[in-house]
Amino acid sequence: MTVVVVGDVVTDIVTVHEGPLAIGSDTLASVAIRGGGSAANTAAWLGSVGHPVVFAGVAGDDEPGSARLAELVEAGVTTTVRRVPEVATGTVVVLASDAERTMFTDRGANQLLSPADVDRALDLALAATPGARHLHLSAYVLFDPDCAPAGRHALVEARRRGLTTSLDAASAAPLQRLGSSFWASVPDVDLLFANLDEAQVLAGDGTAASLATALLDRAGAVVVKSGAAGATWAGPSAAPVHVPAAPVARVIDPTGAGDAFAAGFLAAWLTGASPAEALAGGARLGALAVSKVGGRP
């Protein structure tokens with residue numbers, strides 16, 4: 001049941017501040033350097049629960065790249081990451097408060113992802129584990145015109161090889177910028193993950209249940225995440241299913257919560273769990289993610 005995860009690997013510089021930012025002056029905060037990248041986070045969370053996972057991406061041949069890959073290996077992830085000399089590993093500066101985060105992104109080597117990088121991961125996963133059956137793609141790859149062809153190739157090639165596919169909608173602002181052109185060249189997928197803001201960009205106003213149902217014209221099933229309000233699944237032949245969020249004593253940093261949720265959902269869904277059971281698995285890992293600094297387990 002190996003999952004091939006395709007997307008970014010970055011260094012997150014996470015700044016957790018309390019109260020409003022003092023623009024033009026000083027704001028007290030704690031600052032930490034963590035491994036990041038939406039796809040790499042999901043791969044790490046999958047590895048943390050013992051689910052076989054292969055990660056495909058690109059990193060610089062630099063110290064941050066070596067550190068990020070070592071973290072993935074330690075989390076139980078098999079990597080086929082290509083190292084590129086004289087190109088920096090991607091970096092994201094994250095400004096995080098209680099329930100929101102703002103990100104400043106330098107994609108670095110991530111923009112060099114190619115179809116060959118995807119094929120190498122698929123080849124490895126299928127050769128080593130004949131049970132490989134799923135590919136998960138972060139839409140951050142599709143937002144970047146330099147590597148979008150690799151993202152589209154991943155979905156098409158996975159389907160050709162008999163794998164199911166999932167797509168994480170990733171971020172509302174890039175979806176808003178791309179508008180209707182986002183879907184124009186994206187193949188349909190078996191499962192779509194979107195938070196409420198992303199789902200509203202893709203399908204208009206509505207409740208989580210109505211948005212998940214509306215997006216079934218692009219995916220076999222849809223999960224809409226609503227943060228502390230839980231998550232909702234919609235499929236083609238059943239009423240939407242809602243599961244509340246797992247309780248959290250205190251939200252420390254929401255970075256990577258959606259990535260962790262996707263991992264928890266996939267780990268359950270791919271082993272035959274019901275939608276409610278898979279949503280609960282996602283909620284459990286999402287709660288763990290917001291209870292600590294950074295987007296990795």
# chains A, B, ... in the order shown; residues from 1 in each chain; ligands from 1
>>> residues_around(residues="stretch 155-164 of chain A", least_positions_apart="4", cutoff="12 Å", atoms="only C-alpha atoms", output="mmCIF file with N, CA and C atoms, in the first residue's frame")
data_model
loop_
_atom_site.group_PDB
_atom_site.id
_atom_site.type_symbol
_atom_site.label_atom_id
_atom_site.label_comp_id
_atom_site.auth_asym_id
_atom_site.auth_seq_id
_atom_site.Cartn_x
_atom_site.Cartn_y
_atom_site.Cartn_z
ATOM 1 N N MET A 1 0.827 -1.211 0.000
ATOM 2 C CA MET A 1 0.000 0.000 0.000
ATOM 3 C C MET A 1 0.861 1.259 0.000
ATOM 4 N N THR A 2 2.015 1.205 -0.638
ATOM 5 C CA THR A 2 2.918 2.352 -0.656
ATOM 6 C C THR A 2 2.263 3.565 -1.309
ATOM 7 N N VAL A 3 2.495 4.736 -0.734
ATOM 8 C CA VAL A 3 2.037 6.002 -1.294
ATOM 9 C C VAL A 3 3.243 6.729 -1.872
ATOM 10 N N VAL A 4 3.143 7.155 -3.124
ATOM 11 C CA VAL A 4 4.153 8.019 -3.729
ATOM 12 C C VAL A 4 3.670 9.457 -3.555
ATOM 13 N N VAL A 5 4.465 10.285 -2.888
ATOM 14 C CA VAL A 5 4.114 11.680 -2.637
ATOM 15 C C VAL A 5 5.031 12.558 -3.476
ATOM 16 N N VAL A 6 4.445 13.495 -4.212
ATOM 17 C CA VAL A 6 5.200 14.352 -5.127
ATOM 18 C C VAL A 6 4.995 15.806 -4.741
ATOM 19 N N PRO A 115 9.217 15.583 -15.047
ATOM 20 C CA PRO A 115 8.559 14.272 -15.178
ATOM 21 C C PRO A 115 9.486 13.111 -14.860
ATOM 22 N N ALA A 116 10.769 13.230 -15.185
ATOM 23 C CA ALA A 116 11.712 12.146 -14.889
ATOM 24 C C ALA A 116 11.842 11.915 -13.386
ATOM 25 N N VAL A 118 9.451 12.281 -11.238
ATOM 26 C CA VAL A 118 8.248 11.535 -10.877
ATOM 27 C C VAL A 118 8.387 10.065 -11.271
ATOM 28 N N ASP A 119 8.835 9.831 -12.491
ATOM 29 C CA ASP A 119 8.971 8.453 -12.978
ATOM 30 C C ASP A 119 9.932 7.646 -12.116
ATOM 31 N N ARG A 120 11.006 8.279 -11.649
ATOM 32 C CA ARG A 120 11.980 7.574 -10.817
ATOM 33 C C ARG A 120 11.328 7.092 -9.517
ATOM 34 N N ALA A 121 10.486 7.916 -8.925
ATOM 35 C CA ALA A 121 9.806 7.512 -7.699
ATOM 36 C C ALA A 121 8.795 6.410 -7.962
ATOM 37 N N LEU A 122 8.043 6.523 -9.045
ATOM 38 C CA LEU A 122 7.076 5.478 -9.387
ATOM 39 C C LEU A 122 7.773 4.154 -9.670
ATOM 40 N N ASP A 123 8.875 4.216 -10.410
ATOM 41 C CA ASP A 123 9.628 2.998 -10.713
ATOM 42 C C ASP A 123 10.098 2.314 -9.430
ATOM 43 N N ALA A 125 8.925 2.666 -6.314
ATOM 44 C CA ALA A 125 7.814 2.192 -5.497
ATOM 45 C C ALA A 125 7.212 0.918 -6.055
ATOM 46 N N LEU A 126 7.046 0.856 -7.349
ATOM 47 C CA LEU A 126 6.411 -0.309 -7.954
ATOM 48 C C LEU A 126 7.348 -1.512 -8.005
ATOM 49 N N PRO A 130 5.200 -4.232 -4.849
ATOM 50 C CA PRO A 130 4.125 -4.410 -5.828
ATOM 51 C C PRO A 130 2.769 -3.919 -5.344
ATOM 52 N N GLY A 131 2.630 -3.727 -4.013
ATOM 53 C CA GLY A 131 1.368 -3.207 -3.488
ATOM 54 C C GLY A 131 1.213 -1.709 -3.631
ATOM 55 N N ALA A 132 2.203 -0.996 -4.220
ATOM 56 C CA ALA A 132 2.082 0.449 -4.401
ATOM 57 C C ALA A 132 0.804 0.752 -5.164
ATOM 58 N N ARG A 133 -0.011 1.655 -4.617
ATOM 59 C CA ARG A 133 -1.312 1.835 -5.257
ATOM 60 C C ARG A 133 -1.813 3.262 -5.256
ATOM 61 N N HIS A 134 -1.027 4.222 -4.758
ATOM 62 C CA HIS A 134 -1.571 5.575 -4.669
ATOM 63 C C HIS A 134 -0.485 6.623 -4.869
ATOM 64 N N LEU A 135 -0.862 7.719 -5.537
ATOM 65 C CA LEU A 135 0.014 8.887 -5.687
ATOM 66 C C LEU A 135 -0.706 10.107 -5.139
ATOM 67 N N HIS A 136 0.015 10.860 -4.315
ATOM 68 C CA HIS A 136 -0.525 12.090 -3.721
ATOM 69 C C HIS A 136 0.305 13.273 -4.197
ATOM 70 N N LEU A 137 -0.361 14.291 -4.720
ATOM 71 C CA LEU A 137 0.309 15.469 -5.277
ATOM 72 C C LEU A 137 -0.137 16.721 -4.549
ATOM 73 N N SER A 138 0.818 17.558 -4.194
ATOM 74 C CA SER A 138 0.513 18.887 -3.673
ATOM 75 C C SER A 138 0.351 19.858 -4.832
ATOM 76 N N ALA A 139 -0.713 20.656 -4.812
ATOM 77 C CA ALA A 139 -0.979 21.601 -5.902
ATOM 78 C C ALA A 139 0.056 22.713 -5.987
ATOM 79 N N VAL A 141 2.957 22.323 -6.737
ATOM 80 C CA VAL A 141 3.675 21.993 -7.976
ATOM 81 C C VAL A 141 2.948 22.563 -9.182
ATOM 82 N N LEU A 142 1.626 22.514 -9.173
ATOM 83 C CA LEU A 142 0.837 22.977 -10.319
ATOM 84 C C LEU A 142 0.755 24.499 -10.392
ATOM 85 N N ALA A 148 4.867 22.743 -13.276
ATOM 86 C CA ALA A 148 3.493 22.264 -13.466
ATOM 87 C C ALA A 148 3.416 21.069 -14.420
ATOM 88 N N PRO A 149 4.211 21.034 -15.511
ATOM 89 C CA PRO A 149 4.163 19.839 -16.367
ATOM 90 C C PRO A 149 4.495 18.553 -15.608
ATOM 91 N N ALA A 150 5.402 18.625 -14.642
ATOM 92 C CA ALA A 150 5.732 17.440 -13.848
ATOM 93 C C ALA A 150 4.552 17.019 -12.982
ATOM 94 N N GLY A 151 3.816 18.003 -12.451
ATOM 95 C CA GLY A 151 2.644 17.687 -11.647
ATOM 96 C C GLY A 151 1.552 17.023 -12.464
ATOM 97 N N SER A 185 -6.067 22.254 -17.140
ATOM 98 C CA SER A 185 -5.071 21.258 -17.544
ATOM 99 C C SER A 185 -4.779 20.252 -16.446
ATOM 100 N N VAL A 186 -5.652 20.168 -15.434
ATOM 101 C CA VAL A 186 -5.437 19.233 -14.339
ATOM 102 C C VAL A 186 -6.348 18.024 -14.521
ATOM 103 N N PRO A 187 -5.793 16.833 -14.645
ATOM 104 C CA PRO A 187 -6.639 15.644 -14.794
ATOM 105 C C PRO A 187 -7.498 15.417 -13.552
ATOM 106 N N ASP A 188 -8.638 14.765 -13.743
ATOM 107 C CA ASP A 188 -9.464 14.396 -12.601
ATOM 108 C C ASP A 188 -8.695 13.466 -11.675
ATOM 109 N N VAL A 189 -9.032 13.508 -10.394
ATOM 110 C CA VAL A 189 -8.357 12.685 -9.400
ATOM 111 C C VAL A 189 -9.393 11.863 -8.631
ATOM 112 N N ASP A 190 -8.907 10.861 -7.926
ATOM 113 C CA ASP A 190 -9.804 10.032 -7.127
ATOM 114 C C ASP A 190 -10.219 10.721 -5.837
ATOM 115 N N LEU A 191 -9.360 11.608 -5.329
ATOM 116 C CA LEU A 191 -9.627 12.244 -4.041
ATOM 117 C C LEU A 191 -9.041 13.648 -4.053
ATOM 118 N N LEU A 192 -9.849 14.621 -3.645
ATOM 119 C CA LEU A 192 -9.408 16.014 -3.559
ATOM 120 C C LEU A 192 -9.499 16.474 -2.115
ATOM 121 N N ALA A 219 -13.496 15.200 -8.936
ATOM 122 C CA ALA A 219 -12.837 14.156 -8.149
ATOM 123 C C ALA A 219 -13.844 13.078 -7.773
ATOM 124 N N GLY A 220 -13.349 11.864 -7.588
ATOM 125 C CA GLY A 220 -14.223 10.773 -7.182
ATOM 126 C C GLY A 220 -14.772 10.955 -5.789
ATOM 127 N N ALA A 221 -14.006 11.608 -4.920
ATOM 128 C CA ALA A 221 -14.438 11.948 -3.566
ATOM 129 C C ALA A 221 -13.727 13.230 -3.161
ATOM 130 N N LEU A 266 -5.308 9.394 4.392
ATOM 131 C CA LEU A 266 -4.842 8.425 3.405
ATOM 132 C C LEU A 266 -4.431 7.110 4.060
ATOM 133 N N TRP A 269 -7.780 5.433 4.737
ATOM 134 C CA TRP A 269 -8.578 5.200 3.520
ATOM 135 C C TRP A 269 -7.976 4.103 2.661
ATOM 136 N N LEU A 270 -6.649 4.076 2.551
ATOM 137 C CA LEU A 270 -5.987 3.100 1.688
ATOM 138 C C LEU A 270 -5.965 1.697 2.284
#
>>> closest_atom_pairs(of="stretch 99-210 of chain A", to="stretch 53-58 of chain A", cutoff="6 Å", atoms="only C-alpha atoms", output="tab-separated table")
residue	atom	partner	partner_atom	distance
A:Ala109	CA	A:Val58	CA	5.8
A:Asn110	CA	A:Val58	CA	5.3
A:Leu113	CA	A:Val58	CA	5.9
A:Ala121	CA	A:Ala56	CA	5.8
>>> write_last_selection(atoms="C-alpha atoms", output="PDB file, in the first residue's frame")
ATOM      1  CA  ALA A 109      15.203  23.994  -6.324  1.00  0.00           C
ATOM      2  CA  ASN A 110      11.546  22.909  -6.129  1.00  0.00           C
ATOM      3  CA  LEU A 113      10.906  19.177 -10.594  1.00  0.00           C
ATOM      4  CA  ALA A 121       9.806   7.512  -7.699  1.00  0.00           C
TER       5      ALA A 121
END
>>> atom_distance(atom1="atom CA of A:Thr89", atom2="atom CA of A:Ala287")
28.4 Å
>>> select_by_dssp(residues="stretch 118-214 of chain A", states="strand (DSSP E)", output="list of chain:residue names")
A:His134, A:Leu135, A:His136, A:Leu137, A:Ser138, A:Thr164, A:Thr165, A:Ser166, A:Leu167, A:Asp168, A:Val189, A:Asp190, A:Leu191, A:Leu192, A:Phe193, A:Ala194, A:Asn195
>>> closest_residue(among="A:Thr27, A:Thr80, A:Ser171, A:Ser181", to="A:Met103", atoms="only C-alpha atoms")
A:Ser171
>>> residues_around(residues="A:Val49", least_positions_apart="6", cutoff="12 Å", atoms="only C-alpha atoms", output="PDB file with C-alpha atoms, in the first residue's frame")
ATOM      1  CA  THR A  42       2.544  14.673   4.330  1.00  0.00           C
ATOM      2  CA  ALA A  43       5.215  12.085   3.516  1.00  0.00           C
ATOM      3  CA  ALA A  75      10.676   9.731   9.721  1.00  0.00           C
ATOM      4  CA  GLY A  76      10.580   6.509   7.697  1.00  0.00           C
ATOM      5  CA  VAL A  77      10.319   8.029   4.227  1.00  0.00           C
ATOM      6  CA  ALA A 260      -0.895  15.958   8.554  1.00  0.00           C
ATOM      7  CA  ALA A 263      -1.616  11.729   5.802  1.00  0.00           C
ATOM      8  CA  GLY A 264      -3.945  10.489   8.501  1.00  0.00           C
ATOM      9  CA  PHE A 265      -6.855  10.246   6.078  1.00  0.00           C
ATOM     10  CA  LEU A 266      -4.842   8.425   3.405  1.00  0.00           C
ATOM     11  CA  ALA A 267      -3.300   5.968   5.872  1.00  0.00           C
ATOM     12  CA  ALA A 268      -6.804   4.895   6.885  1.00  0.00           C
ATOM     13  CA  GLY A 281      -7.590   9.508  11.329  1.00  0.00           C
ATOM     14  CA  GLY A 282      -6.939  12.809   9.604  1.00  0.00           C
ATOM     15  CA  ARG A 284      -6.051  12.923  14.958  1.00  0.00           C
ATOM     16  CA  LEU A 285      -2.852  13.782  13.070  1.00  0.00           C
ATOM     17  CA  PRO A 297       5.803  14.980  13.314  1.00  0.00           C
TER      18      PRO A 297
END
